[in-house]
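Asks: Could you have a look at this structure, given as structure tokens, before my questions?
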Amino acid sequence: MTARFPRGRFATAFVLALLGSACAAAATRPSTATGEDGRPLRIDGTVVLVEPDIELSLITTGGLPEPREAWSRDARRFYADAVRAHLAAANTPQAPDFDIPDDLDPDSRLGQVVRLNEAVALSISQFLLPGGALATKRDAAGRPRLDWTLGEGVAELGAASDADYALFTYVRDSYASGGRTALRVFGFIAGAAMGTGLDIGGGQQHGIATLVDLRTGKVVWFNQLARHSGDLREPDEARKTVDRLLEDLPL
């Protein structure tokens, strides 16, 4: 019996949980791998957008996220449309979007590629920070460098999608309810009265994107986004999110 491939996967949730601290000083953190000549790599071939793992939630008064499937469904469509437009504007060849089968066995070759990308994205998020880079992931000047690979197994996805590169995306977007917003305002007022800053937090937008060369397995580009603004529920706002998340994509 084939197991349903999980949409809300542990690795993705863990990656996104790290973003609050990892991106505290910046909204985005793009990085591009370099070639043997030390120069940043550029896309040379066709790109496929792998079905994005996107979930939108409403933050309740108590601070708990309530997933909203209708919002998430619209967001996946608006995001995909915006990505295609972003690539088209740069005249980048595109393969048809690749949808992950709902009944994909996580232990299948393709399922393993998807899960491996999540694990690698987690490693990049942790170790690409200045001061946190592994000794084997630094350039001659000691700075972090993007040097990760998914291995030759990605050829499975290349054959299935007829593409040279795969763009993977994970986004968790949340929006404060009316009750949460009111409680947050009260917190600001109470904090001001006590002479301290008091913010219980509201909605947030967290995302990770990776571009993988399906011929070699090499992660060519990586970016992560963390901010308290942004909205994937509307096409125009979705385009703004895509512009930030695909920042410095080597087109």
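Identifiers in this document derive from the order of the structure tokens: chains are assigned A, B, ..., residues are numbered from 1 separately in each chain, and ligands are numbered from 1 in order of occurrence.
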As a ChimeraX atom specification, please: every residue in range 42-127 of chain A that a backbone DSSP assignment puts in strand (DSSP E or B).
Replies: /A:47-50,53-59,65-67,94,98
Asks: Go ahead and save the picked residues with N, CA, C and O atoms, as an mmCIF file, in the first residue's frame.
Replies:
```cif
data_model
loop_
_atom_site.group_PDB
_atom_site.id
_atom_site.type_symbol
_atom_site.label_atom_id
_atom_site.label_comp_id
_atom_site.auth_asym_id
_atom_site.auth_seq_id
_atom_site.Cartn_x
_atom_site.Cartn_y
_atom_site.Cartn_z
ATOM 1 N N VAL A 47 14.223 25.591 -16.352
ATOM 2 C CA VAL A 47 13.851 25.553 -14.934
ATOM 3 C C VAL A 47 12.433 25.015 -14.771
ATOM 4 O O VAL A 47 11.530 25.388 -15.534
ATOM 5 N N VAL A 48 12.246 24.144 -13.789
ATOM 6 C CA VAL A 48 10.910 23.659 -13.461
ATOM 7 C C VAL A 48 10.576 24.095 -12.034
ATOM 8 O O VAL A 48 11.410 24.005 -11.140
ATOM 9 N N LEU A 49 9.364 24.594 -11.850
ATOM 10 C CA LEU A 49 8.877 24.918 -10.513
ATOM 11 C C LEU A 49 8.233 23.677 -9.932
ATOM 12 O O LEU A 49 7.211 23.195 -10.433
ATOM 13 N N VAL A 50 8.852 23.138 -8.879
ATOM 14 C CA VAL A 50 8.265 22.001 -8.180
ATOM 15 C C VAL A 50 7.109 22.518 -7.334
ATOM 16 O O VAL A 50 7.189 23.616 -6.755
ATOM 17 N N ASP A 53 5.399 24.093 -1.429
ATOM 18 C CA ASP A 53 4.829 23.687 -0.145
ATOM 19 C C ASP A 53 4.479 24.971 0.604
ATOM 20 O O ASP A 53 5.331 25.580 1.260
ATOM 21 N N ILE A 54 3.234 25.417 0.479
ATOM 22 C CA ILE A 54 2.792 26.683 1.048
ATOM 23 C C ILE A 54 1.582 26.461 1.934
ATOM 24 O O ILE A 54 0.628 25.781 1.532
ATOM 25 N N GLU A 55 1.638 27.019 3.117
ATOM 26 C CA GLU A 55 0.501 26.925 4.036
ATOM 27 C C GLU A 55 0.267 28.271 4.709
ATOM 28 O O GLU A 55 1.196 28.865 5.253
ATOM 29 N N LEU A 56 -0.965 28.748 4.652
ATOM 30 C CA LEU A 56 -1.352 30.002 5.284
ATOM 31 C C LEU A 56 -2.216 29.711 6.503
ATOM 32 O O LEU A 56 -3.040 28.783 6.476
ATOM 33 N N SER A 57 -2.033 30.503 7.541
ATOM 34 C CA SER A 57 -2.757 30.287 8.787
ATOM 35 C C SER A 57 -3.271 31.595 9.370
ATOM 36 O O SER A 57 -2.736 32.674 9.082
ATOM 37 N N LEU A 58 -4.288 31.475 10.198
ATOM 38 C CA LEU A 58 -4.813 32.602 10.965
ATOM 39 C C LEU A 58 -4.310 32.453 12.396
ATOM 40 O O LEU A 58 -4.445 31.386 13.001
ATOM 41 N N ILE A 59 -3.695 33.510 12.939
ATOM 42 C CA ILE A 59 -3.221 33.483 14.319
ATOM 43 C C ILE A 59 -4.372 33.885 15.233
ATOM 44 O O ILE A 59 -4.892 35.002 15.139
ATOM 45 N N PRO A 65 -1.767 29.010 15.544
ATOM 46 C CA PRO A 65 -2.051 29.105 14.110
ATOM 47 C C PRO A 65 -3.152 28.128 13.694
ATOM 48 O O PRO A 65 -3.111 26.952 14.041
ATOM 49 N N GLU A 66 -4.124 28.619 12.946
ATOM 50 C CA GLU A 66 -5.189 27.777 12.409
ATOM 51 C C GLU A 66 -5.039 27.742 10.890
ATOM 52 O O GLU A 66 -5.288 28.741 10.210
ATOM 53 N N PRO A 67 -4.580 26.629 10.323
ATOM 54 C CA PRO A 67 -4.399 26.539 8.874
ATOM 55 C C PRO A 67 -5.705 26.831 8.135
ATOM 56 O O PRO A 67 -6.782 26.393 8.544
ATOM 57 N N GLN A 94 11.415 27.569 -19.403
ATOM 58 C CA GLN A 94 10.701 26.900 -18.321
ATOM 59 C C GLN A 94 10.063 25.608 -18.802
ATOM 60 O O GLN A 94 9.539 25.533 -19.919
ATOM 61 N N PHE A 98 5.884 21.059 -12.025
ATOM 62 C CA PHE A 98 5.872 19.653 -11.626
ATOM 63 C C PHE A 98 5.074 19.501 -10.341
ATOM 64 O O PHE A 98 5.461 20.016 -9.287
#
```
Asks: Within 12 Å of Thr46 in chain A, counting only C-alpha atoms, which residues qualify if same-chain residues fewer than 5 places away don't, as a ChimeraX atom specification?
Replies: /A:87-88,91-97,158,161-167,211-215,251
Asks: For Pro144 in chain A, which residue out of A:Ile208, A:Thr60, A:Ala121, A:Thr32 is the nearest one, using only C-alpha atoms?
Replies: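 Answer, going by the shortest atom-to-atom distance: A:Thr32.
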Asks: Counting only C-alpha atoms, what is within 12 Å of Gln112 in chain A, bar same-chain residues fewer than 5 positions away, as a PyMOL selection string?
Replies: chain A and resi 5+104-107+117-120+150-154+156-157
Asks: Quick one: pull the distance between CA of Arg172 in chain A and CA of Thr149 in chain A, Å, one decimal.
Replies: 24.5 Å
Asks: Grab the CA of Leu225 in chain A to CA of His206 in chain A distance for me, in Å with one decimal place.
Replies: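 Atom-to-atom, CA of Leu225 in chain A to CA of His206 in chain A, that is 5.4 Å.
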Asks: A:Thr28, A:Ser125, A:Asn223, A:Ser108: which is nearest Leu249 in chain A, counting only C-alpha atoms?
Replies: A:Asn223
Asks: Could you state the separation of CA of Ala82 in chain A and CA of Leu116 in chain A in Å, given to one decimal place?
Replies: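 Between these atoms lies a distance of 25.8 Å.
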Asks: Find the residues around range 241-245 of chain A up to 12 Å (only C-alpha atoms counted), leave out those fewer than 5 positions away in its own chain, and share them as a ChimeraX atom specification.
Replies: /A:26-31,52,75-76,78-87,89,167-173,205-211,221-236
Asks: At a cut-off of 9 Å, using only C-alpha atoms, what residues contact Pro250 in chain A? Leave out same-chain residues fewer than 2 positions from it and give the result as a PDB file with C-alpha atoms, in the first residue's frame.
Replies:
```pdb
ATOM      1  CA  THR A  32      24.772  31.681  -5.051  1.00  0.00           C
ATOM      2  CA  PRO A  40      28.973  32.826  -9.288  1.00  0.00           C
ATOM      3  CA  LEU A  41      27.174  30.189 -11.330  1.00  0.00           C
ATOM      4  CA  ARG A  42      24.464  31.200 -13.800  1.00  0.00           C
ATOM      5  CA  ILE A  43      21.440  29.257 -14.955  1.00  0.00           C
ATOM      6  CA  VAL A 220      23.060  26.497  -7.248  1.00  0.00           C
ATOM      7  CA  TRP A 221      21.206  29.135  -5.238  1.00  0.00           C
ATOM      8  CA  GLU A 247      16.159  37.809  -4.929  1.00  0.00           C
ATOM      9  CA  ASP A 248      19.480  37.391  -6.759  1.00  0.00           C
TER      10      ASP A 248
END
```
